[in-house]
file input03.pdb (PDB, C-alpha atoms)
ATOM      1  CA  GLU I   1     102.105  97.115  86.629
ATOM      2  CA  PRO I   2     104.627  99.975  86.369
ATOM      3  CA  GLU I   3     108.220  98.983  86.894
ATOM      4  CA  VAL I   4     111.705 100.392  87.287
ATOM      5  CA  THR I   5     113.790  99.833  84.172
ATOM      6  CA  GLN I   6     117.577  99.770  84.020
ATOM      7  CA  THR I   7     119.949  99.881  81.080
ATOM      8  CA  PRO I   8     122.172  98.261  80.057
ATOM      9  CA  SER I   9     121.570  94.856  81.591
ATOM     10  CA  HIS I  10     125.292  94.092  81.354
ATOM     11  CA  GLN I  11     128.183  96.528  81.000
ATOM     12  CA  VAL I  12     131.787  95.488  80.436
ATOM     13  CA  THR I  13     134.368  98.230  80.918
ATOM     14  CA  GLN I  14     138.123  98.494  81.075
ATOM     15  CA  MET I  15     139.594  99.466  84.431
ATOM     16  CA  GLY I  16     140.063 103.210  84.680
ATOM     17  CA  GLN I  17     137.216 104.036  82.334
ATOM     18  CA  GLU I  18     134.081 105.911  83.269
ATOM     19  CA  VAL I  19     130.705 104.200  83.176
ATOM     20  CA  ILE I  20     127.158 105.529  83.359
ATOM     21  CA  LEU I  21     124.335 103.307  84.520
ATOM     22  CA  ARG I  22     120.835 104.392  83.652
ATOM     23  CA  CYS I  23     117.523 103.954  85.379
ATOM     24  CA  VAL I  24     113.971 105.025  84.685
ATOM     25  CA  PRO I  25     112.072 105.034  87.990
ATOM     26  CA  ILE I  26     108.328 104.543  88.256
ATOM     27  CA  SER I  27     106.761 107.753  87.013
ATOM     28  CA  ASN I  28     104.944 109.011  90.122
ATOM     29  CA  HIS I  29     107.707 108.055  92.521
ATOM     30  CA  LEU I  30     109.652 110.732  94.352
ATOM     31  CA  TYR I  31     112.580 108.907  95.969
ATOM     32  CA  PHE I  32     115.296 107.167  93.991
ATOM     33  CA  TYR I  33     118.060 104.880  95.157
ATOM     34  CA  TRP I  34     121.146 103.079  93.966
ATOM     35  CA  TYR I  35     122.348  99.855  95.545
ATOM     36  CA  ARG I  36     125.286  97.582  94.850
ATOM     37  CA  GLN I  37     125.479  93.827  95.263
ATOM     38  CA  ILE I  38     128.784  92.070  94.862
ATOM     39  CA  LEU I  39     128.279  88.489  93.686
ATOM     40  CA  GLY I  40     126.971  86.314  96.495
ATOM     41  CA  GLN I  41     126.910  89.125  99.028
ATOM     42  CA  LYS I  42     124.301  91.400 100.549
ATOM     43  CA  VAL I  43     122.639  94.393  98.966
ATOM     44  CA  GLU I  44     124.568  97.557  99.919
ATOM     45  CA  PHE I  45     123.000 100.999  99.958
ATOM     46  CA  LEU I  46     124.863 103.625  97.937
ATOM     47  CA  VAL I  47     122.718 106.729  97.719
ATOM     48  CA  SER I  48     119.200 108.115  97.881
ATOM     49  CA  PHE I  49     117.965 111.072  95.867
ATOM     50  CA  TYR I  50     114.977 113.322  96.449
ATOM     51  CA  ASN I  51     113.903 116.648  95.058
ATOM     52  CA  ASN I  52     116.907 116.809  92.734
ATOM     53  CA  GLU I  53     119.524 116.345  95.397
ATOM     54  CA  ILE I  54     121.217 113.604  97.360
ATOM     55  CA  SER I  55     119.323 112.998 100.598
ATOM     56  CA  GLU I  56     121.586 110.325 102.025
ATOM     57  CA  LYS I  57     124.723 108.467 100.987
ATOM     58  CA  SER I  58     126.788 105.637 102.395
ATOM     59  CA  GLU I  59     130.521 105.414 102.984
ATOM     60  CA  ILE I  60     130.821 103.501  99.712
ATOM     61  CA  PHE I  61     129.528 106.515  97.764
ATOM     62  CA  ASP I  62     132.755 108.494  97.612
ATOM     63  CA  ASP I  63     134.031 111.034  95.089
ATOM     64  CA  GLN I  64     134.262 108.311  92.465
ATOM     65  CA  PHE I  65     130.473 108.188  92.282
ATOM     66  CA  SER I  66     127.890 110.738  91.253
ATOM     67  CA  VAL I  67     124.186 110.704  90.514
ATOM     68  CA  GLU I  68     122.091 112.862  88.296
ATOM     69  CA  ARG I  69     118.551 113.266  87.108
ATOM     70  CA  PRO I  70     119.255 114.856  83.733
ATOM     71  CA  ASP I  71     115.623 115.028  82.675
ATOM     72  CA  GLY I  72     112.187 114.191  84.026
ATOM     73  CA  SER I  73     112.530 110.452  83.641
ATOM     74  CA  ASN I  74     116.125 109.216  83.849
ATOM     75  CA  PHE I  75     118.219 108.728  86.969
ATOM     76  CA  THR I  76     121.879 107.945  86.383
ATOM     77  CA  LEU I  77     124.821 106.644  88.370
ATOM     78  CA  LYS I  78     128.244 107.636  87.086
ATOM     79  CA  ILE I  79     131.334 105.791  88.226
ATOM     80  CA  ARG I  80     134.595 107.495  87.343
ATOM     81  CA  SER I  81     137.940 105.777  86.995
ATOM     82  CA  THR I  82     136.512 102.309  87.583
ATOM     83  CA  LYS I  83     138.388  99.736  89.632
ATOM     84  CA  LEU I  84     138.240  95.946  89.573
ATOM     85  CA  GLU I  85     136.368  95.962  92.873
ATOM     86  CA  ASP I  86     133.563  97.997  91.313
ATOM     87  CA  SER I  87     132.442  94.820  89.550
ATOM     88  CA  ALA I  88     128.986  94.082  90.924
ATOM     89  CA  MET I  89     125.283  94.154  90.197
ATOM     90  CA  TYR I  90     123.921  97.671  90.534
ATOM     91  CA  PHE I  91     120.254  98.048  91.370
ATOM     92  CA  CYS I  92     118.149 101.149  91.030
ATOM     93  CA  ALA I  93     115.015 101.475  93.143
ATOM     94  CA  SER I  94     112.273 104.024  93.630
ATOM     95  CA  SER I  95     109.590 104.664  96.199
ATOM     96  CA  GLU I  96     106.442 106.683  96.198
ATOM     97  CA  SER I  97     106.554 108.606  99.423
ATOM     98  CA  ASN I  98     107.076 112.166 100.368
ATOM     99  CA  SER I  99     109.947 112.959 102.685
ATOM    100  CA  ARG I 100     108.077 112.240 105.894
ATOM    101  CA  ALA I 101     106.791 108.837 104.963
ATOM    102  CA  ARG I 102     109.848 107.388 103.291
ATOM    103  CA  SER I 103     110.461 104.876 106.009
ATOM    104  CA  ASN I 104     107.108 103.180 105.536
ATOM    105  CA  GLN I 105     107.079 102.944 101.769
ATOM    106  CA  PRO I 106     108.222  99.922  99.776
ATOM    107  CA  GLN I 107     111.100 100.267  97.384
ATOM    108  CA  HIS I 108     110.601  98.906  93.892
ATOM    109  CA  PHE I 109     113.763  97.529  92.335
ATOM    110  CA  GLY I 110     114.825  97.337  88.727
ATOM    111  CA  ASP I 111     116.384  94.171  87.327
ATOM    112  CA  GLY I 112     119.869  95.567  87.768
ATOM    113  CA  THR I 113     122.932  96.234  85.638
ATOM    114  CA  ARG I 114     125.759  93.759  85.908
ATOM    115  CA  LEU I 115     128.990  95.751  85.750
ATOM    116  CA  SER I 116     132.143  93.845  84.889
ATOM    117  CA  ILE I 117     135.462  95.680  85.134
ATOM    118  CA  LEU I 118     138.338  94.104  83.227
TER     119      LEU I 118
ATOM    120  CA  GLN P   1     125.316  99.535 111.403
ATOM    121  CA  GLN P   2     123.705  96.610 109.640
ATOM    122  CA  PRO P   3     121.119  94.376 111.307
ATOM    123  CA  VAL P   4     121.883  90.777 112.143
ATOM    124  CA  GLN P   5     119.898  87.994 110.534
ATOM    125  CA  SER P   6     119.556  84.408 111.662
ATOM    126  CA  PRO P   7     119.833  81.755 110.525
ATOM    127  CA  GLN P   8     122.263  82.365 107.671
ATOM    128  CA  ALA P   9     120.701  79.545 105.703
ATOM    129  CA  VAL P  10     117.879  77.080 106.086
ATOM    130  CA  ILE P  11     116.760  74.062 104.082
ATOM    131  CA  LEU P  12     113.153  72.952 104.238
ATOM    132  CA  ARG P  13     110.928  70.341 102.697
ATOM    133  CA  GLU P  14     107.823  71.612 100.956
ATOM    134  CA  GLY P  15     105.086  72.182 103.536
ATOM    135  CA  GLU P  16     107.407  72.857 106.463
ATOM    136  CA  ASP P  17     107.567  76.099 108.416
ATOM    137  CA  ALA P  18     110.473  78.488 108.930
ATOM    138  CA  VAL P  19     111.256  81.573 110.979
ATOM    139  CA  ILE P  20     113.835  84.166 109.981
ATOM    140  CA  ASN P  21     114.964  86.683 112.551
ATOM    141  CA  CYS P  22     116.333  90.192 112.175
ATOM    142  CA  SER P  23     117.741  92.220 115.041
ATOM    143  CA  SER P  24     119.440  95.556 115.466
ATOM    144  CA  SER P  25     121.472  97.290 118.125
ATOM    145  CA  LYS P  26     119.785 100.587 117.225
ATOM    146  CA  ALA P  27     116.270 101.783 117.995
ATOM    147  CA  LEU P  28     114.193 101.100 114.919
ATOM    148  CA  TYR P  29     111.354 102.965 113.309
ATOM    149  CA  SER P  30     110.456 100.303 110.786
ATOM    150  CA  VAL P  31     111.566  97.003 109.328
ATOM    151  CA  HIS P  32     111.264  96.033 105.668
ATOM    152  CA  TRP P  33     111.360  92.483 104.315
ATOM    153  CA  TYR P  34     112.430  91.612 100.770
ATOM    154  CA  ARG P  35     112.979  88.356  98.924
ATOM    155  CA  GLN P  36     115.565  87.943  96.186
ATOM    156  CA  LYS P  37     115.622  84.954  93.895
ATOM    157  CA  HIS P  38     118.912  83.982  92.303
ATOM    158  CA  GLY P  39     119.853  86.366  89.522
ATOM    159  CA  GLU P  40     116.858  88.615  90.106
ATOM    160  CA  ALA P  41     116.112  91.893  91.864
ATOM    161  CA  PRO P  42     114.880  92.067  95.458
ATOM    162  CA  VAL P  43     111.097  92.049  95.691
ATOM    163  CA  PHE P  44     109.222  93.827  98.449
ATOM    164  CA  LEU P  45     107.268  91.624 100.869
ATOM    165  CA  MET P  46     106.119  93.882 103.701
ATOM    166  CA  ILE P  47     106.935  96.769 106.019
ATOM    167  CA  LEU P  48     106.344  96.806 109.748
ATOM    168  CA  LEU P  49     106.246 100.062 111.682
ATOM    169  CA  LYS P  50     107.024 100.501 115.340
ATOM    170  CA  GLY P  51     104.026  99.670 117.454
ATOM    171  CA  GLY P  52     104.567  95.934 117.548
ATOM    172  CA  GLU P  53     102.337  95.216 114.606
ATOM    173  CA  GLN P  54     102.130  91.966 112.771
ATOM    174  CA  LYS P  55     101.416  91.659 109.098
ATOM    175  CA  GLY P  56     100.577  88.822 106.799
ATOM    176  CA  HIS P  57     100.749  88.096 103.115
ATOM    177  CA  GLU P  58      99.269  84.735 102.186
ATOM    178  CA  LYS P  59     101.323  82.253 104.218
ATOM    179  CA  ILE P  60     104.102  84.708 104.969
ATOM    180  CA  SER P  61     103.733  86.940 108.006
ATOM    181  CA  ALA P  62     105.986  89.027 110.178
ATOM    182  CA  SER P  63     106.142  90.659 113.573
ATOM    183  CA  PHE P  64     108.088  93.600 114.952
ATOM    184  CA  ASN P  65     109.045  93.949 118.580
ATOM    185  CA  GLU P  66     110.378  97.485 118.877
ATOM    186  CA  LYS P  67     111.451  97.046 122.501
ATOM    187  CA  LYS P  68     113.719  94.190 121.540
ATOM    188  CA  GLN P  69     114.567  95.842 118.210
ATOM    189  CA  GLN P  70     113.726  92.590 116.496
ATOM    190  CA  SER P  71     111.573  91.420 113.666
ATOM    191  CA  SER P  72     110.702  87.883 112.653
ATOM    192  CA  LEU P  73     109.452  86.602 109.315
ATOM    193  CA  TYR P  74     107.257  83.506 109.460
ATOM    194  CA  LEU P  75     106.850  81.228 106.462
ATOM    195  CA  THR P  76     104.215  78.563 106.946
ATOM    196  CA  ALA P  77     103.548  75.540 104.789
ATOM    197  CA  SER P  78     106.448  76.564 102.568
ATOM    198  CA  GLN P  79     106.188  76.233  98.808
ATOM    199  CA  LEU P  80     108.952  75.684  96.265
ATOM    200  CA  SER P  81     108.443  79.297  95.156
ATOM    201  CA  TYR P  82     109.530  80.538  98.584
ATOM    202  CA  SER P  83     113.149  79.633  97.826
ATOM    203  CA  GLY P  84     115.464  82.630  97.710
ATOM    204  CA  THR P  85     117.404  84.953  99.946
ATOM    205  CA  TYR P  86     115.404  86.977 102.441
ATOM    206  CA  PHE P  87     116.732  90.363 103.462
ATOM    207  CA  CYS P  88     115.467  92.537 106.242
ATOM    208  CA  GLY P  89     116.024  96.254 105.900
ATOM    209  CA  THR P  90     115.974  98.399 108.996
ATOM    210  CA  VAL P  91     115.143 102.081 109.303
ATOM    211  CA  ALA P  92     116.437 103.976 112.300
ATOM    212  CA  GLY P  93     114.639 107.251 111.792
ATOM    213  CA  GLU P  94     111.180 108.512 110.975
ATOM    214  CA  MET P  95     112.537 110.262 107.897
ATOM    215  CA  GLY P  96     113.670 106.929 106.530
ATOM    216  CA  GLN P  97     117.304 107.597 107.048
ATOM    217  CA  ASN P  98     119.872 104.971 107.755
ATOM    218  CA  PHE P  99     118.120 102.289 105.743
ATOM    219  CA  VAL P 100     120.387  99.247 105.884
ATOM    220  CA  PHE P 101     119.885  95.730 104.551
ATOM    221  CA  GLY P 102     120.865  92.749 106.631
ATOM    222  CA  PRO P 103     123.213  90.096 105.254
ATOM    223  CA  GLY P 104     120.345  87.870 104.142
ATOM    224  CA  THR P 105     119.041  84.395 104.941
ATOM    225  CA  ARG P 106     119.199  81.842 102.152
ATOM    226  CA  LEU P 107     116.084  79.670 102.137
ATOM    227  CA  SER P 108     115.932  76.507 100.067
ATOM    228  CA  VAL P 109     112.656  74.613  99.791
ATOM    229  CA  LEU P 110     113.013  71.079  98.475
ATOM    230  CA  PRO P 111     110.245  68.914  97.047
TER     231      PRO P 111
END

call {"tool": "encode", "arguments": {"input": "input03.pdb", "output": "structure tokens"}}
result
Amino acid sequence: EPEVTQTPSHQVTQMGQEVILRCVPISNHLYFYWYRQILGQKVEFLVSFYNNEISEKSEIFDDQFSVERPDGSNFTLKIRSTKLEDSAMYFCASSESNSRARSNQPQHFGDGTRLSIL
Amino acid sequence: QQPVQSPQAVILREGEDAVINCSSSKALYSVHWYRQKHGEAPVFLMILLKGGEQKGHEKISASFNEKKQQSSLYLTASQLSYSGTYFCGTVAGEMGQNFVFGPGTRLSVLP
């Protein structure tokens, strides 16, 4: 079964540094997402991406964050000037639908990248 | 605005039933249910669209009452493998916007 893959599985970074988290969504999927989960807490939506642009973003997704689809397969989340509170598990997800049916399509999650800011 | 889930946690013996509720103050277009085991990614269970439908997947089923803006997840004859945190995700618009996960319900099934 096709799956979403994320690299690295664990990233340790010094505070203030930039980090790039990478995701390869399922190949025929059209919508891509990034979520954050602080240890022991709920899954928080960051951003959704469709047709090479951001379709929706949350209040968490401020100027510190950016997303990019640099080629036909990768989907990246860049976090600039990392802070201690950015430490969390970051999940990438993708879904199959076109823009009208997004709300009734399941999201398939990758295994996540654990980001530790020191 | 995130949906509310209840209970926050539940402990069951194998074979017992449980109900997890999800409610929103906003009019909903659909409700998603996911299960996350400790240290793993959320896994999709089912989606319910407005229209009051009920869905089932083995011994896990769910209902959606759009008038009450509520959804309930029913786990019958629970198995050890059902343990995990269950999240509902609510969608307020037909275009899938405003998708928000609830805080989760931690389910522990004991032998």

call {"tool": "resolve_selection", "arguments": {"input": "input03.pdb", "expression": "the PyMOL selection byres ((chain P and resi 102-110) around 10)", "output": "PyMOL selection string"}}
result
(chain I and resi 41-44) or (chain P and resi 1-16+18+20-24+33-37+78-90+99-101+111)

call {"tool": "closest_residue", "arguments": {"input": "input03.pdb", "among": "I:Val4, I:Leu115, I:Ile20, I:Ile79", "to": "chain P", "atoms": "only C-alpha atoms"}}
result
I:Val4

call {"tool": "atom_distance", "arguments": {"input": "input03.pdb", "atom1": "atom CA of P:Glu66", "atom2": "atom CA of P:Lys50"}}
result
5.7 Å

call {"tool": "closest_atom_pairs", "arguments": {"input": "input03.pdb", "of": "chain I", "to": "chain P", "cutoff": "10 Å", "atoms": "only C-alpha atoms", "output": "Markdown table"}}
result
| residue | atom | partner | partner_atom | distance |
| --- | --- | --- | --- | --- |
| I:Leu39 | CA | P:Gly39 | CA | 9.6 |
| I:Gly40 | CA | P:His38 | CA | 9.4 |
| I:Gln41 | CA | P:Pro103 | CA | 7.3 |
| I:Lys42 | CA | P:Pro103 | CA | 5.0 |
| I:Val43 | CA | P:Phe101 | CA | 6.4 |
| I:Glu44 | CA | P:Phe101 | CA | 6.8 |
| I:Phe45 | CA | P:Val100 | CA | 6.7 |
| I:Ser48 | CA | P:Gln97 | CA | 9.4 |
| I:Ser55 | CA | P:Gln97 | CA | 8.7 |
| I:Glu56 | CA | P:Gln97 | CA | 7.1 |
| I:Lys57 | CA | P:Asn98 | CA | 9.0 |
| I:Ser58 | CA | P:Asn98 | CA | 8.8 |
| I:Met89 | CA | P:Gly39 | CA | 9.5 |
| I:Tyr90 | CA | P:Ala41 | CA | 9.8 |
| I:Phe91 | CA | P:Ala41 | CA | 7.4 |
| I:Cys92 | CA | P:Ala41 | CA | 9.5 |
| I:Ala93 | CA | P:Pro42 | CA | 9.7 |
| I:Asn98 | CA | P:Met95 | CA | 9.5 |
| I:Ser99 | CA | P:Met95 | CA | 6.4 |
| I:Arg100 | CA | P:Met95 | CA | 5.3 |
| I:Ala101 | CA | P:Met95 | CA | 6.6 |
| I:Arg102 | CA | P:Gly96 | CA | 5.0 |
| I:Ser103 | CA | P:Gly96 | CA | 3.8 |
| I:Asn104 | CA | P:Ile47 | CA | 6.4 |
| I:Gln105 | CA | P:Ile47 | CA | 7.5 |
| I:Pro106 | CA | P:Phe44 | CA | 6.3 |
| I:Gln107 | CA | P:Phe44 | CA | 6.8 |
| I:His108 | CA | P:Phe44 | CA | 7.0 |
| I:Phe109 | CA | P:Ala41 | CA | 6.1 |
| I:Gly110 | CA | P:Ala41 | CA | 6.4 |
| I:Asp111 | CA | P:Ala41 | CA | 5.1 |
| I:Gly112 | CA | P:Ala41 | CA | 6.7 |

call {"tool": "residues_near_point", "arguments": {"input": "input03.pdb", "point": "(134.7, 106.0, 89.8)", "cutoff": "8 Å", "atoms": "all atoms listed in the file", "output": "list of chain:residue names"}}
result
I:Gly16, I:Glu18, I:Val19, I:Asp63, I:Gln64, I:Phe65, I:Lys78, I:Ile79, I:Arg80, I:Ser81, I:Thr82, I:Lys83

call {"tool": "resolve_selection", "arguments": {"input": "input03.pdb", "expression": "the PyMOL selection byres ((chain I and resi 74) around 6)", "output": "list in words"}}
result
Cys23, Val24, Arg69, Asp71, Ser73 and Phe75 of chain I

call {"tool": "write_last_selection", "arguments": {"input": "input03.pdb", "atoms": "C-alpha atoms", "output": "PDB file, keeping the file's coordinate frame"}}
result
ATOM      1  CA  CYS I  23     117.523 103.954  85.379  1.00  0.00           C
ATOM      2  CA  VAL I  24     113.971 105.025  84.685  1.00  0.00           C
ATOM      3  CA  ARG I  69     118.551 113.266  87.108  1.00  0.00           C
ATOM      4  CA  ASP I  71     115.623 115.028  82.675  1.00  0.00           C
ATOM      5  CA  SER I  73     112.530 110.452  83.641  1.00  0.00           C
ATOM      6  CA  PHE I  75     118.219 108.728  86.969  1.00  0.00           C
TER       7      PHE I  75
END

call {"tool": "atom_distance", "arguments": {"input": "input03.pdb", "atom1": "atom CA of I:Asn52", "atom2": "atom CA of I:Glu85"}}
result
28.5 Å

call {"tool": "atom_distance", "arguments": {"input": "input03.pdb", "atom1": "atom CA of I:Gln37", "atom2": "atom CA of I:Ser94"}}
result
16.8 Å

call {"tool": "residues_around", "arguments": {"input": "input03.pdb", "residues": "I:Leu30", "least_positions_apart": "5", "cutoff": "8 Å", "atoms": "only C-alpha atoms", "output": "PDB file with C-alpha atoms, in the frame of the given file"}}
result
ATOM      1  CA  TYR I  50     114.977 113.322  96.449  1.00  0.00           C
ATOM      2  CA  ASN I  51     113.903 116.648  95.058  1.00  0.00           C
ATOM      3  CA  SER I  94     112.273 104.024  93.630  1.00  0.00           C
ATOM      4  CA  SER I  95     109.590 104.664  96.199  1.00  0.00           C
ATOM      5  CA  GLU I  96     106.442 106.683  96.198  1.00  0.00           C
ATOM      6  CA  SER I  97     106.554 108.606  99.423  1.00  0.00           C
ATOM      7  CA  ASN I  98     107.076 112.166 100.368  1.00  0.00           C
TER       8      ASN I  98
END

call {"tool": "resolve_selection", "arguments": {"input": "input03.pdb", "expression": "the PyMOL selection byres ((chain I and resi 9) around 7)", "output": "number ranges by chain"}}
result
I: 6-8, 10-11, 112-114

call {"tool": "build_atoms", "arguments": {"input": "input03.pdb", "residues": "stretch 102-112 of chain I", "atoms": "all heavy atoms", "output": "mmCIF file, keeping the file's coordinate frame"}}
result
data_model
loop_
_atom_site.group_PDB
_atom_site.id
_atom_site.type_symbol
_atom_site.label_atom_id
_atom_site.label_comp_id
_atom_site.auth_asym_id
_atom_site.auth_seq_id
_atom_site.Cartn_x
_atom_site.Cartn_y
_atom_site.Cartn_z
ATOM 1 N N ARG I 102 108.953 108.270 104.050
ATOM 2 C CA ARG I 102 109.848 107.388 103.291
ATOM 3 C C ARG I 102 110.067 106.068 103.990
ATOM 4 O O ARG I 102 110.208 105.033 103.367
ATOM 5 C CB ARG I 102 111.177 108.104 103.058
ATOM 6 C CG ARG I 102 112.192 107.286 102.315
ATOM 7 C CD ARG I 102 113.184 108.183 101.647
ATOM 8 N NE ARG I 102 114.106 108.798 102.568
ATOM 9 C CZ ARG I 102 115.332 108.363 102.787
ATOM 10 N NH1 ARG I 102 115.754 107.277 102.204
ATOM 11 N NH2 ARG I 102 116.133 109.008 103.617
ATOM 12 N N SER I 103 110.116 106.091 105.297
ATOM 13 C CA SER I 103 110.461 104.876 106.009
ATOM 14 C C SER I 103 109.375 103.829 105.953
ATOM 15 O O SER I 103 109.624 102.679 106.272
ATOM 16 C CB SER I 103 110.781 105.212 107.461
ATOM 17 O OG SER I 103 109.661 105.828 108.067
ATOM 18 N N ASN I 104 108.155 104.183 105.576
ATOM 19 C CA ASN I 104 107.108 103.180 105.536
ATOM 20 C C ASN I 104 106.599 102.946 104.126
ATOM 21 O O ASN I 104 105.463 102.560 103.931
ATOM 22 C CB ASN I 104 105.965 103.547 106.488
ATOM 23 C CG ASN I 104 105.304 104.852 106.103
ATOM 24 O OD1 ASN I 104 105.684 105.470 105.124
ATOM 25 N ND2 ASN I 104 104.320 105.271 106.856
ATOM 26 N N GLN I 105 107.444 103.202 103.152
ATOM 27 C CA GLN I 105 107.079 102.944 101.769
ATOM 28 C C GLN I 105 107.982 101.879 101.167
ATOM 29 O O GLN I 105 109.193 101.882 101.392
ATOM 30 C CB GLN I 105 107.210 104.232 100.947
ATOM 31 C CG GLN I 105 106.216 105.303 101.334
ATOM 32 C CD GLN I 105 104.794 104.896 101.025
ATOM 33 O OE1 GLN I 105 104.539 104.266 100.009
ATOM 34 N NE2 GLN I 105 103.872 105.240 101.903
ATOM 35 N N PRO I 106 107.395 100.958 100.412
ATOM 36 C CA PRO I 106 108.222 99.922 99.776
ATOM 37 C C PRO I 106 109.090 100.513 98.673
ATOM 38 O O PRO I 106 108.716 101.494 98.035
ATOM 39 C CB PRO I 106 107.192 98.959 99.198
ATOM 40 C CG PRO I 106 105.960 99.769 99.020
ATOM 41 C CD PRO I 106 105.968 100.788 100.111
ATOM 42 N N GLN I 107 110.227 99.895 98.480
ATOM 43 C CA GLN I 107 111.100 100.267 97.384
ATOM 44 C C GLN I 107 110.917 99.240 96.262
ATOM 45 O O GLN I 107 110.934 98.038 96.509
ATOM 46 C CB GLN I 107 112.552 100.301 97.859
ATOM 47 C CG GLN I 107 112.795 101.377 98.913
ATOM 48 C CD GLN I 107 114.228 101.423 99.384
ATOM 49 O OE1 GLN I 107 115.148 101.113 98.644
ATOM 50 N NE2 GLN I 107 114.410 101.831 100.634
ATOM 51 N N HIS I 108 110.774 99.754 95.055
ATOM 52 C CA HIS I 108 110.601 98.906 93.892
ATOM 53 C C HIS I 108 111.919 98.880 93.128
ATOM 54 O O HIS I 108 112.427 99.932 92.727
ATOM 55 C CB HIS I 108 109.480 99.443 93.008
ATOM 56 C CG HIS I 108 108.156 99.479 93.705
ATOM 57 N ND1 HIS I 108 107.218 98.478 93.565
ATOM 58 C CD2 HIS I 108 107.617 100.381 94.561
ATOM 59 C CE1 HIS I 108 106.166 98.773 94.306
ATOM 60 N NE2 HIS I 108 106.376 99.901 94.921
ATOM 61 N N PHE I 109 112.443 97.684 92.936
ATOM 62 C CA PHE I 109 113.763 97.529 92.335
ATOM 63 C C PHE I 109 113.673 97.234 90.848
ATOM 64 O O PHE I 109 112.771 96.515 90.388
ATOM 65 C CB PHE I 109 114.511 96.378 93.016
ATOM 66 C CG PHE I 109 115.055 96.729 94.367
ATOM 67 C CD1 PHE I 109 114.227 96.797 95.474
ATOM 68 C CD2 PHE I 109 116.417 96.981 94.534
ATOM 69 C CE1 PHE I 109 114.734 97.125 96.727
ATOM 70 C CE2 PHE I 109 116.932 97.301 95.780
ATOM 71 C CZ PHE I 109 116.088 97.366 96.876
ATOM 72 N N GLY I 110 114.642 97.754 90.105
ATOM 73 C CA GLY I 110 114.825 97.337 88.727
ATOM 74 C C GLY I 110 115.573 96.014 88.684
ATOM 75 O O GLY I 110 116.002 95.486 89.717
ATOM 76 N N ASP I 111 115.736 95.471 87.483
ATOM 77 C CA ASP I 111 116.384 94.171 87.327
ATOM 78 C C ASP I 111 117.901 94.226 87.463
ATOM 79 O O ASP I 111 118.558 93.189 87.488
ATOM 80 C CB ASP I 111 116.015 93.555 85.972
ATOM 81 C CG ASP I 111 114.573 93.092 85.927
ATOM 82 O OD1 ASP I 111 114.011 92.813 87.005
ATOM 83 O OD2 ASP I 111 114.016 93.007 84.819
ATOM 84 N N GLY I 112 118.445 95.434 87.520
ATOM 85 C CA GLY I 112 119.869 95.567 87.768
ATOM 86 C C GLY I 112 120.710 95.654 86.515
ATOM 87 O O GLY I 112 120.299 95.237 85.425
#
